[in-house]
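**Q** Sharing protein25.json, JSON, C-alpha atoms:
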[["chain", "number", "residue", "atom", "x", "y", "z"],
["A", 1, "MET", "CA", -47.96, 59.86, -18.52],
["A", 2, "GLN", "CA", -50.51, 57.44, -19.79],
["A", 3, "GLN", "CA", -51.23, 53.87, -19.04],
["A", 4, "THR", "CA", -51.48, 51.69, -22.08],
["A", 5, "ASP", "CA", -54.20, 49.19, -22.77],
["A", 6, "LYS", "CA", -53.83, 46.27, -20.41],
["A", 7, "SER", "CA", -54.56, 43.79, -23.18],
["A", 8, "ALA", "CA", -51.33, 44.87, -24.83],
["A", 9, "ALA", "CA", -49.40, 42.54, -22.53],
["A", 10, "PRO", "CA", -46.95, 40.40, -24.45],
["A", 11, "GLU", "CA", -47.24, 36.64, -24.54],
["A", 12, "GLN", "CA", -46.05, 35.13, -21.30],
["A", 13, "THR", "CA", -43.45, 32.46, -21.58],
["A", 14, "ARG", "CA", -43.68, 31.46, -17.94],
["A", 15, "PRO", "CA", -46.61, 29.59, -16.50],
["A", 16, "GLY", "CA", -48.65, 31.17, -13.75],
["A", 17, "PRO", "CA", -51.01, 34.08, -13.35],
["A", 18, "VAL", "CA", -50.13, 37.67, -14.22],
["A", 19, "TYR", "CA", -51.34, 40.44, -11.93],
["A", 20, "THR", "CA", -51.55, 44.17, -12.34],
["A", 21, "PRO", "CA", -50.07, 45.72, -9.21],
["A", 22, "ALA", "CA", -51.99, 48.52, -7.51],
["A", 23, "ALA", "CA", -50.14, 51.77, -8.17],
["A", 24, "ASP", "CA", -50.08, 55.39, -7.06],
["A", 25, "ILE", "CA", -48.81, 57.91, -9.57],
["A", 26, "PHE", "CA", -48.22, 61.52, -8.67],
["A", 27, "GLU", "CA", -46.49, 64.45, -10.20],
["A", 28, "THR", "CA", -44.68, 67.45, -8.84],
["A", 29, "GLU", "CA", -42.97, 70.18, -10.81],
["A", 30, "HIS", "CA", -39.70, 68.22, -10.69],
["A", 31, "ALA", "CA", -40.69, 64.59, -11.13],
["A", 32, "ILE", "CA", -43.29, 61.93, -11.62],
["A", 33, "THR", "CA", -43.32, 59.20, -8.96],
["A", 34, "VAL", "CA", -44.80, 55.72, -9.33],
["A", 35, "LEU", "CA", -45.46, 53.53, -6.28],
["A", 36, "ALA", "CA", -46.49, 49.93, -6.91],
["A", 37, "ASP", "CA", -47.38, 47.13, -4.47],
["A", 38, "MET", "CA", -45.47, 44.00, -5.42],
["A", 39, "PRO", "CA", -45.44, 41.70, -2.38],
["A", 40, "GLY", "CA", -43.00, 38.83, -2.54],
["A", 41, "VAL", "CA", -40.84, 40.29, -5.30],
["A", 42, "LYS", "CA", -37.12, 40.43, -4.59],
["A", 43, "ALA", "CA", -34.94, 43.12, -6.14],
["A", 44, "HIS", "CA", -33.22, 40.69, -8.51],
["A", 45, "ASP", "CA", -36.57, 39.39, -9.75],
["A", 46, "LEU", "CA", -37.78, 42.86, -10.64],
["A", 47, "LYS", "CA", -37.15, 44.06, -14.16],
["A", 48, "ILE", "CA", -37.65, 47.66, -15.14],
["A", 49, "ASP", "CA", -37.34, 48.16, -18.83],
["A", 50, "LEU", "CA", -37.40, 51.42, -20.73],
["A", 51, "HIS", "CA", -37.59, 51.25, -24.46],
["A", 52, "ASP", "CA", -39.00, 53.84, -26.87],
["A", 53, "ASN", "CA", -40.69, 55.78, -24.03],
["A", 54, "MET", "CA", -42.40, 52.58, -22.89],
["A", 55, "LEU", "CA", -41.75, 51.78, -19.25],
["A", 56, "THR", "CA", -42.40, 48.16, -18.35],
["A", 57, "LEU", "CA", -42.38, 46.78, -14.82],
["A", 58, "THR", "CA", -42.15, 43.02, -14.43],
["A", 59, "GLY", "CA", -41.79, 41.45, -11.00],
["A", 60, "ARG", "CA", -41.69, 37.73, -10.55],
["A", 61, "VAL", "CA", -42.49, 36.00, -7.28],
["A", 62, "THR", "CA", -40.25, 33.01, -6.90],
["A", 63, "GLY", "CA", -41.20, 30.15, -4.61],
["A", 64, "ALA", "CA", -40.80, 30.97, -0.96],
["A", 65, "GLU", "CA", -42.79, 27.97, 0.20],
["A", 66, "GLU", "CA", -41.44, 25.08, 2.21],
["A", 67, "THR", "CA", -41.11, 21.95, 0.18],
["A", 68, "GLY", "CA", -43.15, 19.04, 1.42],
["A", 69, "ALA", "CA", -45.77, 21.18, 3.16],
["A", 70, "LYS", "CA", -49.38, 20.56, 2.24],
["A", 71, "ASP", "CA", -51.94, 23.25, 1.48],
["A", 72, "VAL", "CA", -54.51, 24.05, 4.13],
["A", 73, "LEU", "CA", -55.88, 27.31, 2.74],
["A", 74, "ARG", "CA", -54.89, 29.21, -0.37],
["A", 75, "GLU", "CA", -56.13, 32.76, -0.91],
["A", 76, "TYR", "CA", -53.47, 34.15, -3.17],
["A", 77, "ARG", "CA", -51.27, 32.69, -5.81],
["A", 78, "ALA", "CA", -47.72, 33.58, -6.61],
["A", 79, "GLY", "CA", -47.25, 34.86, -10.12],
["A", 80, "THR", "CA", -45.91, 37.78, -12.04],
["A", 81, "PHE", "CA", -46.70, 41.45, -11.54],
["A", 82, "TYR", "CA", -46.78, 43.30, -14.81],
["A", 83, "ARG", "CA", -47.57, 46.88, -15.69],
["A", 84, "ARG", "CA", -46.67, 49.12, -18.56],
["A", 85, "PHE", "CA", -46.76, 52.88, -18.92],
["A", 86, "THR", "CA", -45.98, 55.28, -21.74],
["A", 87, "LEU", "CA", -43.66, 58.05, -20.67],
["A", 88, "SER", "CA", -43.72, 61.45, -22.23],
["A", 89, "GLU", "CA", -40.63, 63.03, -23.73],
["A", 90, "THR", "CA", -40.29, 65.23, -20.69],
["A", 91, "ILE", "CA", -38.72, 62.50, -18.53],
["A", 92, "ASP", "CA", -34.98, 62.55, -18.05],
["A", 93, "GLN", "CA", -34.54, 58.89, -18.82],
["A", 94, "ALA", "CA", -30.94, 58.76, -17.60],
["A", 95, "LYS", "CA", -31.91, 59.83, -14.09],
["A", 96, "ILE", "CA", -34.68, 57.35, -13.34],
["A", 97, "ASP", "CA", -34.29, 55.90, -9.86],
["A", 98, "ALA", "CA", -35.95, 52.74, -8.50],
["A", 99, "LYS", "CA", -36.18, 51.49, -4.94],
["A", 100, "LEU", "CA", -37.85, 48.34, -3.66],
["A", 101, "ALA", "CA", -38.65, 48.09, 0.04],
["A", 102, "ASP", "CA", -41.09, 45.82, 1.88],
["A", 103, "GLY", "CA", -42.74, 44.78, -1.36],
["A", 104, "VAL", "CA", -43.34, 48.32, -2.57],
["A", 105, "LEU", "CA", -41.56, 49.72, -5.62],
["A", 106, "ARG", "CA", -40.85, 53.43, -5.69],
["A", 107, "LEU", "CA", -39.87, 54.75, -9.06],
["A", 108, "GLU", "CA", -38.73, 58.35, -9.41],
["A", 109, "LEU", "CA", -38.93, 59.78, -12.91],
["A", 110, "PRO", "CA", -37.32, 63.23, -12.95],
["A", 111, "LYS", "CA", -38.42, 65.71, -15.56],
["A", 112, "ILE", "CA", -35.85, 67.23, -17.83],
["A", 113, "GLU", "CA", -34.82, 70.74, -17.02],
["A", 114, "LYS", "CA", -36.51, 72.47, -19.92],
["A", 115, "ALA", "CA", -39.88, 70.91, -19.27],
["A", 116, "ARG", "CA", -40.16, 72.43, -15.83],
["A", 117, "PRO", "CA", -42.43, 75.41, -15.56],
["A", 118, "ARG", "CA", -40.55, 78.62, -15.20],
["A", 119, "GLN", "CA", -41.66, 81.94, -13.96],
["A", 120, "ILE", "CA", -40.87, 84.69, -16.43],
["A", 121, "THR", "CA", -40.62, 88.15, -15.08],
["A", 122, "VAL", "CA", -41.70, 90.88, -17.41],
["A", 123, "ARG", "CA", -39.38, 93.80, -17.36],
["A", 124, "THR", "CA", -40.61, 97.24, -17.90],
["A", 125, "SER", "CA", -38.52, 99.55, -19.91],
["B", 1, "MET", "CA", -55.26, 39.56, -17.55],
["B", 2, "LEU", "CA", -56.17, 39.29, -13.90],
["B", 3, "VAL", "CA", -56.29, 42.46, -11.91],
["B", 4, "ARG", "CA", -55.59, 41.96, -8.29],
["B", 5, "HIS", "CA", -55.84, 44.70, -5.75],
["B", 6, "ILE", "CA", -54.39, 43.50, -2.54],
["B", 7, "TRP", "CA", -56.56, 45.81, -0.57],
["B", 8, "PRO", "CA", -60.29, 45.17, -1.03],
["B", 9, "SER", "CA", -61.51, 48.20, -2.86],
["B", 10, "ARG", "CA", -64.36, 50.27, -1.61],
["B", 11, "PRO", "CA", -67.28, 50.26, -3.98],
["B", 12, "THR", "CA", -66.89, 53.39, -6.03],
["B", 13, "LEU", "CA", -69.53, 54.06, -8.58],
["B", 14, "ALA", "CA", -68.48, 57.49, -9.64],
["B", 15, "ASN", "CA", -69.71, 56.91, -13.15],
["B", 16, "PRO", "CA", -73.45, 57.60, -13.20],
["B", 17, "MET", "CA", -73.87, 55.18, -16.10],
["B", 18, "LEU", "CA", -72.35, 52.37, -14.04],
["B", 19, "ARG", "CA", -74.55, 53.27, -11.11],
["B", 20, "LEU", "CA", -77.62, 53.11, -13.32],
["B", 21, "LEU", "CA", -76.49, 49.78, -14.73],
["B", 22, "GLU", "CA", -76.00, 48.40, -11.26],
["B", 23, "SER", "CA", -79.41, 49.52, -10.07],
["B", 24, "LEU", "CA", -80.96, 47.81, -13.09],
["B", 25, "GLU", "CA", -79.04, 44.61, -12.43],
["B", 26, "THR", "CA", -79.93, 44.68, -8.75],
["B", 27, "ALA", "CA", -83.57, 45.12, -9.70],
["B", 28, "ALA", "CA", -83.28, 42.14, -12.01],
["B", 29, "GLY", "CA", -81.89, 40.09, -9.13],
["B", 30, "GLU", "CA", -78.35, 39.95, -10.44],
["B", 31, "SER", "CA", -75.28, 41.07, -8.65],
["B", 32, "ALA", "CA", -73.36, 43.71, -10.54],
["B", 33, "ALA", "CA", -69.94, 43.08, -9.10],
["B", 34, "GLU", "CA", -68.02, 39.91, -8.53],
["B", 35, "PRO", "CA", -68.39, 38.93, -4.90],
["B", 36, "THR", "CA", -65.16, 39.45, -3.02],
["B", 37, "ALA", "CA", -64.23, 38.12, 0.36],
["B", 38, "GLY", "CA", -63.22, 41.64, 1.35],
["B", 39, "VAL", "CA", -60.63, 40.48, 3.82],
["B", 40, "PHE", "CA", -57.15, 41.79, 4.30],
["B", 41, "PRO", "CA", -54.51, 40.47, 4.26],
["B", 42, "PRO", "CA", -54.90, 37.49, 1.95],
["B", 43, "VAL", "CA", -53.20, 34.46, 3.51],
["B", 44, "ASN", "CA", -51.89, 31.09, 2.43],
["B", 45, "VAL", "CA", -51.72, 28.34, 5.03],
["B", 46, "THR", "CA", -49.69, 25.17, 4.62],
["B", 47, "GLN", "CA", -48.74, 22.44, 7.06],
["B", 48, "ASP", "CA", -46.31, 19.63, 7.60],
["B", 49, "ASP", "CA", -46.27, 17.11, 10.45],
["B", 50, "ASN", "CA", -45.02, 19.57, 13.06],
["B", 51, "HIS", "CA", -45.89, 23.07, 11.88],
["B", 52, "TYR", "CA", -48.39, 25.31, 10.21],
["B", 53, "TYR", "CA", -47.02, 28.03, 7.97],
["B", 54, "VAL", "CA", -49.09, 31.15, 7.47],
["B", 55, "ARG", "CA", -48.09, 33.64, 4.78],
["B", 56, "ALA", "CA", -49.79, 36.99, 4.39],
["B", 57, "GLU", "CA", -49.34, 39.65, 1.73],
["B", 58, "VAL", "CA", -48.87, 42.94, 3.59],
["B", 59, "PRO", "CA", -46.72, 45.18, 1.39],
["B", 60, "GLY", "CA", -45.52, 48.53, 2.64],
["B", 61, "VAL", "CA", -46.05, 47.85, 6.33],
["B", 62, "ARG", "CA", -43.23, 48.34, 8.80],
["B", 63, "ALA", "CA", -42.44, 45.22, 10.82],
["B", 64, "SER", "CA", -42.90, 47.29, 13.99],
["B", 65, "ASP", "CA", -46.47, 48.08, 12.92],
["B", 66, "LEU", "CA", -47.46, 44.41, 12.84],
["B", 67, "THR", "CA", -48.89, 42.63, 15.87],
["B", 68, "ILE", "CA", -49.20, 38.86, 15.95],
["B", 69, "SER", "CA", -50.82, 36.86, 18.70],
["B", 70, "ALA", "CA", -51.58, 33.16, 19.04],
["B", 71, "LEU", "CA", -53.95, 31.44, 21.42],
["B", 72, "ARG", "CA", -55.10, 27.81, 21.34],
["B", 73, "ASN", "CA", -55.81, 27.22, 17.64],
["B", 74, "ARG", "CA", -56.12, 30.84, 16.61],
["B", 75, "VAL", "CA", -53.60, 33.29, 15.29],
["B", 76, "SER", "CA", -54.31, 36.99, 14.80],
["B", 77, "ILE", "CA", -52.51, 39.36, 12.49],
["B", 78, "SER", "CA", -53.18, 43.03, 12.97],
["B", 79, "GLY", "CA", -51.45, 46.20, 12.00],
["B", 80, "ARG", "CA", -51.65, 49.39, 10.10],
["B", 81, "ARG", "CA", -50.42, 50.51, 6.76],
["B", 82, "GLU", "CA", -49.52, 54.14, 6.43],
["B", 83, "ILE", "CA", -48.99, 55.88, 3.17],
["B", 84, "PRO", "CA", -46.92, 58.93, 4.04],
["B", 85, "GLN", "CA", -47.97, 62.32, 2.79],
["B", 86, "GLU", "CA", -45.96, 63.10, -0.30],
["B", 87, "HIS", "CA", -44.93, 66.49, -1.57],
["B", 88, "GLU", "CA", -47.66, 68.97, -0.68],
["B", 89, "ARG", "CA", -48.00, 70.14, -4.26],
["B", 90, "ALA", "CA", -48.12, 66.62, -5.69],
["B", 91, "SER", "CA", -51.01, 66.07, -8.04],
["B", 92, "TYR", "CA", -52.23, 62.50, -8.26],
["B", 93, "HIS", "CA", -52.87, 60.75, -11.55],
["B", 94, "ARG", "CA", -53.74, 57.48, -9.89],
["B", 95, "LYS", "CA", -54.32, 56.45, -6.29],
["B", 96, "GLU", "CA", -55.02, 52.75, -6.12],
["B", 97, "ARG", "CA", -53.10, 51.83, -2.99],
["B", 98, "ALA", "CA", -55.08, 52.08, 0.23],
["B", 99, "ASP", "CA", -54.00, 52.59, 3.81],
["B", 100, "GLY", "CA", -55.60, 51.93, 7.16],
["B", 101, "THR", "CA", -55.74, 49.34, 9.91],
["B", 102, "PHE", "CA", -56.45, 45.65, 9.59],
["B", 103, "ASP", "CA", -57.08, 42.78, 11.97],
["B", 104, "ARG", "CA", -57.54, 39.21, 10.92],
["B", 105, "THR", "CA", -57.88, 36.02, 12.95],
["B", 106, "ILE", "CA", -57.31, 32.62, 11.39],
["B", 107, "ALA", "CA", -58.57, 29.46, 13.06],
["B", 108, "LEU", "CA", -56.36, 26.44, 12.42],
["B", 109, "PRO", "CA", -57.47, 22.81, 12.58],
["B", 110, "THR", "CA", -55.45, 21.99, 15.73],
["B", 111, "ASP", "CA", -54.06, 23.76, 18.77],
["B", 112, "LEU", "CA", -50.73, 25.57, 18.57],
["B", 113, "ASP", "CA", -47.72, 25.81, 20.77],
["B", 114, "SER", "CA", -48.14, 29.58, 21.13],
["B", 115, "GLU", "CA", -44.86, 29.96, 23.04],
["B", 116, "ARG", "CA", -42.74, 29.04, 20.08],
["B", 117, "VAL", "CA", -44.36, 30.95, 17.21],
["B", 118, "GLU", "CA", -41.82, 32.52, 14.86],
["B", 119, "ALA", "CA", -42.57, 35.47, 12.60],
["B", 120, "SER", "CA", -40.55, 37.06, 9.84],
["B", 121, "TYR", "CA", -41.28, 39.82, 7.36],
["B", 122, "THR", "CA", -39.49, 40.10, 4.03],
["B", 123, "ASP", "CA", -40.43, 41.75, 0.74],
["B", 124, "GLY", "CA", -43.92, 42.57, 1.95],
["B", 125, "ILE", "CA", -44.74, 39.00, 2.96],
["B", 126, "LEU", "CA", -45.29, 38.08, 6.58],
["B", 127, "THR", "CA", -44.39, 34.48, 7.34],
["B", 128, "LEU", "CA", -45.46, 32.75, 10.54],
["B", 129, "LYS", "CA", -44.13, 29.39, 11.62],
["B", 130, "LEU", "CA", -46.56, 27.92, 14.12],
["B", 131, "PRO", "CA", -45.59, 24.69, 15.90],
["B", 132, "LYS", "CA", -48.49, 22.35, 16.51],
["B", 133, "ALA", "CA", -49.23, 21.55, 20.14],
["B", 134, "ALA", "CA", -47.70, 18.27, 21.26],
["B", 135, "ALA", "CA", -51.15, 16.74, 21.68],
["B", 136, "ALA", "CA", -52.02, 17.60, 18.08],
["B", 137, "LYS", "CA", -49.04, 15.96, 16.43],
["B", 138, "PRO", "CA", -49.57, 12.67, 14.65],
["B", 139, "ARG", "CA", -48.18, 9.70, 16.55],
["B", 140, "GLN", "CA", -46.94, 6.45, 15.16],
["B", 141, "ILE", "CA", -48.59, 3.47, 16.80],
["B", 142, "THR", "CA", -46.94, 0.09, 16.61],
["B", 143, "VAL", "CA", -49.21, -2.88, 16.32],
["B", 144, "ASN", "CA", -48.48, -5.59, 18.84],
["B", 145, "THR", "CA", -48.43, -9.07, 17.49]]
Now, as a test, write the supplied structure out as structure tokens.
**A**
Amino acid sequence: MQQTDKSAAPEQTRPGPVYTPAADIFETEHAITVLADMPGVKAHDLKIDLHDNMLTLTGRVTGAEETGAKDVLREYRAGTFYRRFTLSETIDQAKIDAKLADGVLRLELPKIEKARPRQITVRTS
Amino acid sequence: MLVRHIWPSRPTLANPMLRLLESLETAAGESAAEPTAGVFPPVNVTQDDNHYYVRAEVPGVRASDLTISALRNRVSISGRREIPQEHERASYHRKERADGTFDRTIALPTDLDSERVEASYTDGILTLKLPKAAAAKPRQITVNT
């Protein structure tokens, strides 16, 4: 699994900043798992798109602020989280599973059966 | 594109070329890296006539691991973020998310009614609703004629 060039982001049609979420990626013999911090993103504002082995994560933070309240201090801005990865052919694309809890996305990408390493026992005649 | 790590990253200069570059820049009196506040969590504070609202980005923290306290005009947010040990044979391609403890105190312009502070945690955002102390609320004064 490779991360593509960040500058390859498509043109944004929505105003506001675009952030790259911090991510952990690890692999076991059965699956690749991606964990990404996306605070403020609700499940229905998170889009996971898989097209031609390109996995795109887009999470939009929609206004949670009270209307009529005035700013005192602003350290972060709400925007869009965007990250794109290229998946290898070894991912079973039909079995991808995504969970979003407490602002953290957990994406399980199982490997297809034949790509798993297999121990071959050599028989002696 | 903006890259935002919600946890302030530790300075890692694993690349010897980068380290050399930084030492040259430091010698020339320039700072190599953008200065960062290095505080966690980042907060937004807003107010209306009766309340302050404090929002903090703390993804992946259990609500039970957060401690909030308010006294006079100060509110503290502390807690710990744990990243559980994954499969023992997992090999990491990327590890950008950090764990650990944090403690942050925010001083607000006026005193608070610390008895009636409300806190909620959804989607990795902690929201505090802090009523202003009665003495700190604006009062309408009628002009006698």
**Q** At a cut-off of 9 Å, list the chain A residues touching chain B, using only C-alpha atoms, as number ranges by chain.
**A** A: 1, 6-7, 9, 17-29, 32, 35-43, 65-66, 68-77, 100-104
**Q** Give me, please, the distance in Å between atom CA of Asp65 of chain B and atom CA of Ser78 of chain B, quoted to one decimal.
**A**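 For atom CA of Asp65 of chain B relative to atom CA of Ser78 of chain B, the distance reads 8.4 Å.
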**Q** I'd like to know which of A:Ala98, A:Glu108, A:Thr67, A:Ala31 is closest to Lys47 of chain A, using only C-alpha atoms.
**A**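 Result for the nearest residue to Lys47 of chain A: A:Ala98.
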**Q** Hey, can you check how far atom CA of Thr90 of chain A sits from atom CA of Gly59 of chain A?
**A**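 That distance, rounded to one decimal, is 25.7 Å.
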**Q** Have a look at atom CA of Thr86 of chain A and atom CA of Leu46 of chain A and let me know their distance in Å, one decimal.
**A** 18.6 Å
**Q** List every protein, DNA or RNA residue with an atom no more than 9 Å from (-53.3, 48.2, 11.4) in the file's coordinates, counting only C-alpha atoms, and format the result as a CSV table (one decimal) with C-alpha atoms, in the coordinates of the input.
**A**
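As a result, part25.csv now contains:
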chain,number,residue,atom,x,y,z
B,61,VAL,CA,-46.0,47.8,6.3
B,65,ASP,CA,-46.5,48.1,12.9
B,66,LEU,CA,-47.5,44.4,12.8
B,67,THR,CA,-48.9,42.6,15.9
B,77,ILE,CA,-52.5,39.4,12.5
B,78,SER,CA,-53.2,43.0,13.0
B,79,GLY,CA,-51.4,46.2,12.0
B,80,ARG,CA,-51.6,49.4,10.1
B,81,ARG,CA,-50.4,50.5,6.8
B,82,GLU,CA,-49.5,54.1,6.4
B,99,ASP,CA,-54.0,52.6,3.8
B,100,GLY,CA,-55.6,51.9,7.2
B,101,THR,CA,-55.7,49.3,9.9
B,102,PHE,CA,-56.4,45.6,9.6
B,103,ASP,CA,-57.1,42.8,12.0
**Q** Name the closest residue to Lys111 of chain A among the candidates A:Thr58, A:Thr124, A:Thr80, A:Thr33; distances are taken between atoms, counting only C-alpha atoms.
**A**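 Nearest candidate to Lys111 of chain A out of A:Thr58, A:Thr124, A:Thr80, A:Thr33: A:Thr33.
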**Q** Of the residues A:Ile112, A:Val122, A:Pro15, A:Arg83, which is the one nearest to Leu55 of chain A, using all atoms listed in the file?
**A**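 With all atoms listed in the file as the atom set, the closest residue is A:Arg83.
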